[in-house]
Structure formats: structure tokens, C-alpha cells
file model30.cif (mmCIF, C-alpha atoms)
data_query
loop_
_atom_site.label_atom_id
_atom_site.label_comp_id
_atom_site.auth_asym_id
_atom_site.auth_seq_id
_atom_site.Cartn_x
_atom_site.Cartn_y
_atom_site.Cartn_z
CA MET A 1 145.15 53.09 147.02
CA ASP A 2 148.12 51.29 145.41
CA LYS A 3 150.55 52.86 142.96
CA ARG A 4 148.89 51.39 139.84
CA THR A 5 145.48 52.67 140.90
CA ARG A 6 146.84 56.15 141.59
CA CYS A 7 148.47 56.23 138.18
CA ALA A 8 145.24 55.12 136.53
CA VAL A 9 143.28 57.84 138.36
CA LEU A 10 145.86 60.47 137.43
CA PHE A 11 145.84 59.36 133.80
CA PHE A 12 142.05 59.42 133.69
CA GLY A 13 142.00 62.87 135.28
CA LEU A 14 144.52 64.18 132.76
CA PHE A 15 142.54 62.67 129.88
CA LEU A 16 139.31 64.20 131.20
CA ALA A 17 140.93 67.63 131.56
CA ILE A 18 142.29 67.53 128.01
CA PHE A 19 138.88 66.38 126.72
CA LEU A 20 137.06 69.20 128.49
CA VAL A 21 139.51 71.84 127.25
CA PHE A 22 139.19 70.52 123.69
CA THR A 23 135.39 70.47 123.93
CA VAL A 24 135.14 73.99 125.31
CA THR A 25 137.60 75.32 122.71
CA THR A 26 135.77 73.59 119.87
CA THR A 27 132.37 74.80 121.08
CA SER A 28 133.53 78.39 121.55
CA ALA A 29 135.10 78.39 118.10
CA LYS A 30 131.97 77.08 116.40
CA THR A 31 130.78 79.41 113.64
CA ILE A 32 127.57 81.35 114.36
CA GLU A 33 125.34 80.93 111.32
CA LEU A 34 122.62 83.51 110.65
CA SER A 35 120.10 84.22 107.88
CA TYR A 36 119.12 87.65 106.50
CA ALA A 37 115.86 88.15 104.54
CA ASN A 38 115.23 91.05 102.16
CA PHE A 39 112.60 91.60 99.46
CA PHE A 40 114.55 94.00 97.23
CA PRO A 41 115.99 92.45 94.05
CA PRO A 42 119.72 91.58 94.28
CA THR A 43 120.92 94.48 92.10
CA HIS A 44 118.92 97.16 93.94
CA ALA A 45 120.85 99.62 96.13
CA MET A 46 118.71 98.57 99.09
CA SER A 47 119.79 95.00 98.54
CA ILE A 48 123.47 95.72 98.01
CA LEU A 49 123.77 97.70 101.26
CA PRO A 50 122.43 94.89 103.49
CA GLU A 51 124.61 92.34 101.76
CA THR A 52 127.71 94.45 102.35
CA TRP A 53 126.57 94.77 105.99
CA CYS A 54 126.63 90.97 106.21
CA ARG A 55 130.12 90.74 104.76
CA GLU A 56 131.38 93.50 107.07
CA VAL A 57 130.09 91.70 110.17
CA GLU A 58 131.76 88.50 108.99
CA LYS A 59 135.02 90.36 108.43
CA ARG A 60 135.05 92.12 111.79
CA THR A 61 134.27 88.90 113.68
CA ASN A 62 137.11 87.15 111.84
CA GLY A 63 134.71 84.61 110.41
CA ALA A 64 133.10 83.74 113.76
CA VAL A 65 129.79 84.83 112.21
CA LYS A 66 128.53 83.57 108.85
CA ILE A 67 125.45 85.27 107.39
CA THR A 68 123.51 83.77 104.49
CA TYR A 69 121.81 86.60 102.62
CA TYR A 70 118.45 86.04 100.86
CA PRO A 71 117.42 88.93 98.56
CA GLY A 72 114.36 89.16 96.33
CA GLY A 73 111.98 87.53 98.81
CA THR A 74 113.66 84.14 98.43
CA LEU A 75 113.46 83.41 102.16
CA SER A 76 110.48 85.54 103.15
CA ALA A 77 107.98 87.74 101.30
CA ALA A 78 108.03 91.47 102.02
CA ALA A 79 104.82 91.48 104.09
CA LYS A 80 105.93 88.45 106.12
CA ILE A 81 109.50 89.42 106.96
CA ILE A 82 108.64 91.00 110.32
CA THR A 83 106.65 87.99 111.55
CA ASP A 84 109.16 85.55 110.11
CA VAL A 85 111.92 87.28 112.08
CA MET A 86 109.78 87.19 115.21
CA ASP A 87 109.16 83.47 114.67
CA GLY A 88 112.80 82.68 113.91
CA ILE A 89 112.26 81.66 110.28
CA ALA A 90 114.74 84.42 109.43
CA ASP A 91 117.26 85.70 111.96
CA ILE A 92 117.54 89.20 110.47
CA GLY A 93 115.24 91.03 108.08
CA THR A 94 114.55 94.27 106.25
CA SER A 95 111.14 95.40 105.05
CA VAL A 96 108.58 98.20 104.97
CA ILE A 97 106.67 99.24 108.09
CA GLY A 98 103.58 100.04 106.01
CA TYR A 99 103.37 96.53 104.52
CA THR A 100 102.08 95.27 107.88
CA PRO A 101 100.06 98.18 109.32
CA GLY A 102 98.34 95.88 111.81
CA ILE A 103 101.67 95.37 113.55
CA PHE A 104 102.80 99.01 113.31
CA PRO A 105 99.61 101.12 113.68
CA ALA A 106 101.35 104.10 115.27
CA MET A 107 104.77 103.86 113.66
CA GLN A 108 103.10 103.95 110.26
CA ALA A 109 102.49 107.67 110.82
CA ILE A 110 105.92 108.22 109.32
CA ASP A 111 104.44 107.32 105.90
CA LEU A 112 101.95 110.18 105.84
CA PRO A 113 102.21 112.67 102.91
CA MET A 114 104.16 115.31 104.83
CA GLY A 115 106.15 116.72 101.92
CA TYR A 116 109.44 114.99 102.69
CA PRO A 117 112.10 116.67 100.51
CA ASP A 118 114.60 113.80 100.50
CA ALA A 119 115.79 110.60 102.20
CA TYR A 120 118.10 112.51 104.55
CA VAL A 121 115.20 114.31 106.19
CA ALA A 122 112.95 111.24 106.14
CA THR A 123 115.59 109.05 107.81
CA LYS A 124 116.29 111.63 110.52
CA VAL A 125 112.57 111.98 111.20
CA ILE A 126 111.81 108.26 111.45
CA ASN A 127 114.61 107.71 113.95
CA ASP A 128 113.59 110.71 116.05
CA PHE A 129 110.00 109.47 116.02
CA TYR A 130 110.98 105.96 117.12
CA ASN A 131 113.43 107.16 119.77
CA LYS A 132 110.84 109.47 121.31
CA TYR A 133 107.96 107.00 121.55
CA LYS A 134 109.62 103.52 121.62
CA PHE A 135 106.47 101.80 120.36
CA GLN A 136 105.78 98.29 121.67
CA SER A 137 105.42 97.06 118.09
CA PHE A 138 109.18 96.50 118.13
CA SER A 139 109.37 94.89 121.58
CA LYS A 140 109.62 91.35 120.18
CA VAL A 141 112.68 92.08 118.03
CA LYS A 142 116.05 93.74 118.34
CA VAL A 143 115.95 96.95 116.30
CA PHE A 144 119.20 97.48 114.41
CA TYR A 145 118.16 100.71 112.71
CA LEU A 146 115.36 102.42 110.78
CA PHE A 147 115.57 104.35 107.52
CA ALA A 148 113.28 105.94 104.93
CA HIS A 149 113.32 106.76 101.23
CA GLY A 150 113.04 110.02 99.33
CA PRO A 151 109.69 111.60 98.39
CA GLY A 152 107.06 109.36 96.87
CA ILE A 153 105.51 111.05 93.83
CA LEU A 154 103.28 110.11 90.88
CA HIS A 155 104.41 108.11 87.84
CA SER A 156 101.83 107.38 85.15
CA LYS A 157 101.20 105.88 81.74
CA LYS A 158 99.80 109.22 80.51
CA PRO A 159 100.63 112.81 81.51
CA VAL A 160 99.11 114.22 84.72
CA ARG A 161 99.26 118.00 85.05
CA VAL A 162 96.19 118.78 87.16
CA LEU A 163 94.01 116.92 89.65
CA GLU A 164 91.32 116.42 87.05
CA ASP A 165 93.69 114.22 85.02
CA LEU A 166 93.64 111.69 87.88
CA ARG A 167 89.90 111.14 88.04
CA GLY A 168 89.18 107.42 87.78
CA MET A 169 92.84 106.55 87.15
CA LYS A 170 93.91 103.18 88.60
CA ILE A 171 96.84 103.94 90.89
CA ARG A 172 99.16 101.33 92.39
CA ALA A 173 99.51 102.12 96.07
CA TYR A 174 99.97 100.65 99.55
CA GLY A 175 99.36 101.84 103.11
CA PHE A 176 98.58 105.54 103.26
CA SER A 177 99.24 105.95 99.55
CA VAL A 178 95.96 104.05 99.07
CA ALA A 179 94.19 106.90 100.85
CA MET A 180 96.31 109.37 98.88
CA ALA A 181 95.18 107.82 95.58
CA GLU A 182 91.54 108.11 96.64
CA ALA A 183 91.97 111.70 97.83
CA LEU A 184 93.48 112.63 94.47
CA GLY A 185 90.44 111.21 92.69
CA GLY A 186 92.03 107.95 91.57
CA VAL A 187 91.12 104.32 92.12
CA PRO A 188 93.72 102.60 94.33
CA VAL A 189 95.17 99.25 93.33
CA ALA A 190 96.76 97.97 96.53
CA MET A 191 100.06 96.10 96.16
CA GLY A 192 103.74 96.30 97.04
CA GLN A 193 106.54 97.20 94.66
CA GLY A 194 107.09 93.58 93.69
CA GLY A 195 103.91 93.51 91.60
CA ALA A 196 103.94 97.08 90.29
CA TYR A 197 105.85 96.50 87.05
CA GLU A 198 103.52 93.79 85.80
CA ALA A 199 100.43 95.71 86.95
CA LEU A 200 101.51 98.76 84.97
CA GLN A 201 102.58 96.68 81.98
CA LYS A 202 99.23 94.89 81.78
CA GLY A 203 97.07 97.92 82.57
CA VAL A 204 95.90 96.62 85.93
CA ALA A 205 97.31 99.93 87.15
CA GLU A 206 97.71 103.14 85.13
CA ALA A 207 99.93 104.94 87.61
CA THR A 208 101.93 104.40 90.77
CA ILE A 209 102.89 106.55 93.75
CA ALA A 210 106.53 105.87 94.59
CA PRO A 211 109.97 107.51 94.86
CA MET A 212 111.92 108.31 91.73
CA GLU A 213 114.26 105.36 92.35
CA VAL A 214 111.64 102.78 91.27
CA LEU A 215 111.99 103.97 87.69
CA LYS A 216 115.38 102.28 87.48
CA GLY A 217 115.63 100.13 90.62
CA TRP A 218 112.40 98.32 89.72
CA LYS A 219 112.58 99.15 85.98
CA GLN A 220 109.23 100.92 86.06
CA ALA A 221 110.36 103.59 83.58
CA GLU A 222 109.83 100.86 80.99
CA VAL A 223 106.08 100.78 81.68
CA ILE A 224 105.22 104.44 82.37
CA THR A 225 105.64 107.55 80.22
CA SER A 226 105.35 110.43 82.67
CA THR A 227 106.30 111.56 86.19
CA THR A 228 104.52 114.37 88.03
CA GLU A 229 106.69 116.20 90.56
CA CYS A 230 104.14 116.53 93.35
CA TYR A 231 106.85 116.99 96.00
CA ASP A 232 104.70 119.04 98.35
CA ILE A 233 102.69 115.89 99.11
CA GLY A 234 105.73 113.63 98.98
CA TYR A 235 105.32 110.68 101.32
CA THR A 236 108.03 108.35 102.53
CA ALA A 237 108.16 104.67 103.41
CA GLY A 238 109.65 103.73 106.74
CA PHE A 239 111.90 100.65 106.72
CA PHE A 240 113.18 98.50 109.56
CA VAL A 241 116.24 96.32 110.00
CA VAL A 242 115.58 93.94 112.89
CA MET A 243 116.81 90.69 114.42
CA ASN A 244 115.05 87.87 116.24
CA LEU A 245 115.28 88.84 119.91
CA ASP A 246 116.14 85.38 121.25
CA LYS A 247 118.85 84.97 118.63
CA TRP A 248 120.26 88.39 119.50
CA ASN A 249 120.32 87.59 123.21
CA SER A 250 122.16 84.34 122.48
CA LEU A 251 125.06 86.09 120.74
CA PRO A 252 128.36 86.65 122.56
CA LYS A 253 128.80 90.22 123.78
CA ASP A 254 131.75 90.84 121.46
CA VAL A 255 129.66 89.82 118.44
CA GLN A 256 126.82 92.08 119.58
CA LYS A 257 129.25 94.99 119.84
CA VAL A 258 130.54 94.38 116.32
CA MET A 259 126.99 94.42 114.97
CA GLU A 260 126.11 97.58 116.89
CA ASP A 261 129.22 99.32 115.54
CA VAL A 262 128.47 98.30 111.95
CA ASN A 263 124.82 99.35 112.38
CA LYS A 264 125.87 102.90 113.31
CA GLU A 265 128.06 103.13 110.21
CA TRP A 266 125.55 101.59 107.82
CA LEU A 267 122.64 103.80 108.90
CA GLY A 268 124.58 106.77 107.58
CA LYS A 269 124.95 105.12 104.19
CA TYR A 270 121.22 104.80 103.44
CA PRO A 271 120.29 108.44 102.71
CA ASP A 272 123.24 108.71 100.32
CA ALA A 273 122.20 105.48 98.59
CA TRP A 274 118.59 106.65 98.24
CA ALA A 275 119.67 110.04 96.87
CA LYS A 276 121.86 108.35 94.30
CA ALA A 277 119.09 105.89 93.40
CA ASP A 278 116.58 108.73 92.95
CA GLU A 279 118.97 110.56 90.63
CA GLU A 280 119.63 107.40 88.63
CA GLY A 281 115.88 106.87 88.37
CA ARG A 282 115.46 110.37 86.96
CA GLU A 283 118.23 109.86 84.42
CA PHE A 284 116.91 106.44 83.44
CA THR A 285 113.36 107.60 82.80
CA LEU A 286 114.57 110.55 80.71
CA SER A 287 116.77 108.18 78.70
CA LYS A 288 113.60 106.24 77.87
CA GLY A 289 112.01 109.38 76.42
CA ASN A 290 109.63 109.82 79.35
CA GLN A 291 108.69 113.29 80.55
CA ILE A 292 108.89 114.87 84.00
CA ILE A 293 106.16 117.41 84.75
CA PRO A 294 106.54 120.00 87.56
CA LEU A 295 103.42 121.31 89.25
CA SER A 296 102.77 125.04 89.42
CA ALA A 297 102.58 126.53 92.92
CA ALA A 298 98.82 126.99 92.58
CA GLU A 299 98.25 123.42 91.39
CA SER A 300 100.54 122.02 94.08
CA ALA A 301 98.46 123.84 96.72
CA ARG A 302 95.37 122.02 95.43
CA TRP A 303 97.12 118.66 95.86
CA VAL A 304 98.22 119.58 99.39
CA LYS A 305 94.66 120.56 100.28
CA ALA A 306 93.44 117.21 98.97
CA MET A 307 95.78 115.44 101.42
CA THR A 308 94.34 117.16 104.52
CA PRO A 309 91.66 114.47 105.10
CA VAL A 310 94.28 111.70 104.77
CA VAL A 311 96.32 113.12 107.64
CA ASP A 312 93.30 114.12 109.75
CA ASN A 313 91.61 110.73 109.37
CA TYR A 314 94.78 108.93 110.45
CA ALA A 315 94.99 111.08 113.59
CA LYS A 316 91.35 110.36 114.47
CA GLU A 317 91.52 106.64 113.77
CA ILE A 318 94.73 106.04 115.70
CA THR A 319 93.51 108.15 118.62
CA ALA A 320 90.42 105.95 118.82
CA LYS A 321 92.78 103.00 119.32
CA GLY A 322 94.40 104.61 122.34
CA PHE A 323 97.33 106.36 120.65
CA LYS A 324 98.25 110.06 120.49
CA GLY A 325 97.34 110.68 116.88
CA LYS A 326 97.46 114.46 116.73
CA GLU A 327 100.67 114.55 118.78
CA TYR A 328 102.35 112.13 116.33
CA VAL A 329 101.28 114.19 113.34
CA ASP A 330 102.43 117.44 114.92
CA PHE A 331 105.76 115.90 115.94
CA ILE A 332 106.51 114.53 112.47
CA ARG A 333 105.39 117.70 110.70
CA ALA A 334 107.61 119.82 112.98
CA LYS A 335 110.60 117.53 112.43
CA VAL A 336 110.18 117.61 108.65
CA LYS A 337 110.16 121.40 108.81
CA GLU A 338 113.15 121.50 111.16
CA TYR A 339 115.38 119.19 109.13
CA SER A 340 114.31 120.65 105.79
CA LYS A 341 115.91 123.96 106.84
CA LYS A 342 119.30 122.32 107.52
#

call {"tool": "encode", "arguments": {"input": "model30.cif", "output": "C-alpha cells"}}
result
Amino acid sequence: MDKRTRCAVLFFGLFLAIFLVFTVTTTSAKTIELSYANFFPPTHAMSILPETWCREVEKRTNGAVKITYYPGGTLSAAAKIITDVMDGIADIGTSVIGYTPGIFPAMQAIDLPMGYPDAYVATKVINDFYNKYKFQSFSKVKVFYLFAHGPGILHSKKPVRVLEDLRGMKIRAYGFSVAMAEALGGVPVAMGQGGAYEALQKGVAEATIAPMEVLKGWKQAEVITSTTECYDIGYTAGFFVVMNLDKWNSLPKDVQKVMEDVNKEWLGKYPDAWAKADEEGREFTLSKGNQIIPLSAAESARWVKAMTPVVDNYAKEITAKGFKGKEYVDFIRAKVKEYSKK
């Protein structure tokens, strides 16, 4: 090989090396773009928290990750978020376990009317329940964390002081709260929170079973006049924050660690946010001139007794599908009792 040829080969080799280094550097520095779907309206506390999660991940990855946040169902409707994340339509999503009971038949037990006193207890219980049983319902996604709201109680267009006041009343409900509405003597109107305001405004529903926060967070104090504090049958709604599993597995390990670290911090923020939202809901409804009616101990016991078939029927139905219905109920009930003492 003559001198000119050797020089040409060396030059080509140097050029190729520089090209490869440039390509690898450019590829490794390419921004990771992700989407996050949520159904809560943008101003709701449960929309603000996920958005700040997105910004925190971006900050801690020094801009290596860019997350486009879609609140208010603009990317995916509440009942479709879980399947849309599984299918990769959304990379990350937050929604309600009970909106898709067919996917979460066992995990939905968390929503039973167990008398949850607040979001702190409910969030502890849902995570203990998931960590103990690791249901396959979540096997197709990466679970970031689970959380739950404060006690779901009754809000109505006219005062409800005793069970008899509920007979024939059209009650907005979903999941187990449909069975709760029936057990209380009402007529369930099944729908998520997104349609509740209009349903109450137009008389399609005359009441709703939901946490106190909906009175301000979803503006429902504008279309009801009364809240009944039936806390002894307070239910909760379990929520998930999940990511498409393939997308998660494709992330660099350092990015995964950042997300895991932020997840641990953000989980602790949810009970505080729910508690604040419940208190703001109470203040907002009172500012509208609405009344809040406590139940007497004797009347509350009647409501609790009415819920017995709701819990028992769940245990029987889920057991028939091959799950441990009674064990789930006993576990959740014991955990509610345990954490309520702390």
C-alpha cells in the first residue's frame, strides 16, 4: 500500500471515528418525550399534583425528559386511560380503578363502603392491599403509585336526614356506589364525576355519593343544597398512576431512578392534598348557603346495616371468579381499623 493510499485510509478512518462519536453523542442526548393523561380538570388539586410531578422529573433529568401533560380528558377519557396506557396511546396516566371494574375485579375491593375516615387512611390501605396481593391486573403496566380520596358521602338537592328520605331518589354513582345507592333505597344513575354537575343541574340525578372535595373541585355545591355526613359508610375511590411497560423498560436506568425517587415523594403529597380539598369543599358549600347534616348514632347504624349486603355480595361474587373475596374484605376492614387508631 503506497503512502497516498495509507493517508487516504487513515483520513477515512479518522472521519468515520468522528462521525460515530458525533452520532452516538447526538443520539444519547436526544430528548425523551412522554405524554401524561389525566381526567381531572386543570385547576383541580388532583390535576395540579401530576403536572408538578412532570415538571419535577424534567428538572431532575436536566431536560433529558420532556413530558406533555393532558388534563381534563383531552388525551384520553377517564374510563379509557388504563387501556390507552397499555396500548401506548398515552405513556403515563392517572385514573380511577373503579371506572374499569372488568380490568380490576379484585383491586376494586378498596372502594367498598368501609367507613374510611380520611384520605390518609385510605391511601395507606390501598397500598398495603396492593403490596400484599400484587394482582395481575397491573402486570401490563409499570405501577408508579396508588392513592385514594377521603370518605365518599351523600350530597343532595334536598335534605336527607333518615333513610326514608332517600326512597326513589336518583343518585349519581359509579362502581360500588351504584350498589350503595340501591341499598339505601335510591335509584342509581351510573356515571363518573365528569357528568355529575350537568346531571344534578338538569335533574337527571337528585343526589351524588362523593367526597366533600367535589363540592368545590367539580363545582357541585352550585347544584346541590345539602350534604349528609354519613361517614360510617364512607367509601373511597382507589386511583392509579401507571406507565406503559414497554416505554418504561426503554428508559435509561438513571431516568428510571429519577422517576422512582419523585414517585416516593409525590405519594406522600396526595393525602394532604385530598384533606385540603375536602376542607375547601366544606367551606365552599357553606359559602353557597348549603347545609351539612350530621347523622345521629342510631341513624348512622341503620345506614351501616344497609351496607352489609353490598360488602357480602362483593365477597361472594369475586370468590366465584376464583379470588379470595372474604379474605380481601377482612384484610381491608382490619387495615382501616388499624390506621384509624393512629

call {"tool": "closest_atom_pairs", "arguments": {"input": "model30.cif", "of": "region 137-196 of chain A", "to": "region 266-286 of chain A", "cutoff": "12 Å", "atoms": "only C-alpha atoms", "output": "tab-separated table"}}
result
residue	atom	partner	partner_atom	distance
A:Phe144	CA	A:Leu267	CA	9.1
A:Tyr145	CA	A:Leu267	CA	6.6
A:Leu146	CA	A:Leu267	CA	7.6
A:Phe147	CA	A:Tyr270	CA	7.0
A:Ala148	CA	A:Pro271	CA	7.8
A:His149	CA	A:Trp274	CA	6.1
A:Gly150	CA	A:Trp274	CA	6.6
A:Pro151	CA	A:Asp278	CA	9.2
A:Gly152	CA	A:Asp278	CA	10.3
A:Ile153	CA	A:Asp278	CA	11.3
A:His155	CA	A:Thr285	CA	10.3
A:Ser156	CA	A:Thr285	CA	11.8

call {"tool": "resolve_selection", "arguments": {"input": "model30.cif", "expression": "the PyMOL selection byres ((chain A and resi 127-143) around 7)", "output": "MDAnalysis selection string"}}
result
chainID A and resid 86 103:104 123:126 144:146 241:245 248

call {"tool": "resolve_selection", "arguments": {"input": "model30.cif", "expression": "the PyMOL selection byres ((chain A and resi 176) around 9)", "output": "list of chain:residue names"}}
result
A:Gly98, A:Gln108, A:Ala109, A:Asp111, A:Leu112, A:Pro113, A:Ala173, A:Tyr174, A:Gly175, A:Ser177, A:Val178, A:Ala179, A:Met180, A:Ala181, A:Tyr235, A:Val310, A:Tyr314

call {"tool": "resolve_selection", "arguments": {"input": "model30.cif", "expression": "the PyMOL selection byres ((chain A and resi 76) around 8)", "output": "CSV table (one decimal) with C-alpha atoms, in the coordinates of the input"}}
result
chain,number,residue,atom,x,y,z
A,37,ALA,CA,115.9,88.2,104.5
A,38,ASN,CA,115.2,91.0,102.2
A,39,PHE,CA,112.6,91.6,99.5
A,73,GLY,CA,112.0,87.5,98.8
A,74,THR,CA,113.7,84.1,98.4
A,75,LEU,CA,113.5,83.4,102.2
A,77,ALA,CA,108.0,87.7,101.3
A,78,ALA,CA,108.0,91.5,102.0
A,80,LYS,CA,105.9,88.4,106.1
A,81,ILE,CA,109.5,89.4,107.0
A,84,ASP,CA,109.2,85.6,110.1
A,90,ALA,CA,114.7,84.4,109.4

call {"tool": "atom_distance", "arguments": {"input": "model30.cif", "atom1": "CA of Ile67 (chain A)", "atom2": "CA of Trp53 (chain A)"}}
result
9.7 Å

call {"tool": "closest_residue", "arguments": {"input": "model30.cif", "among": "A:Asn62, A:Ser95, A:Thr236, A:Thr43", "to": "Ile110 (chain A)", "atoms": "all atoms listed in the file"}}
result
A:Thr236
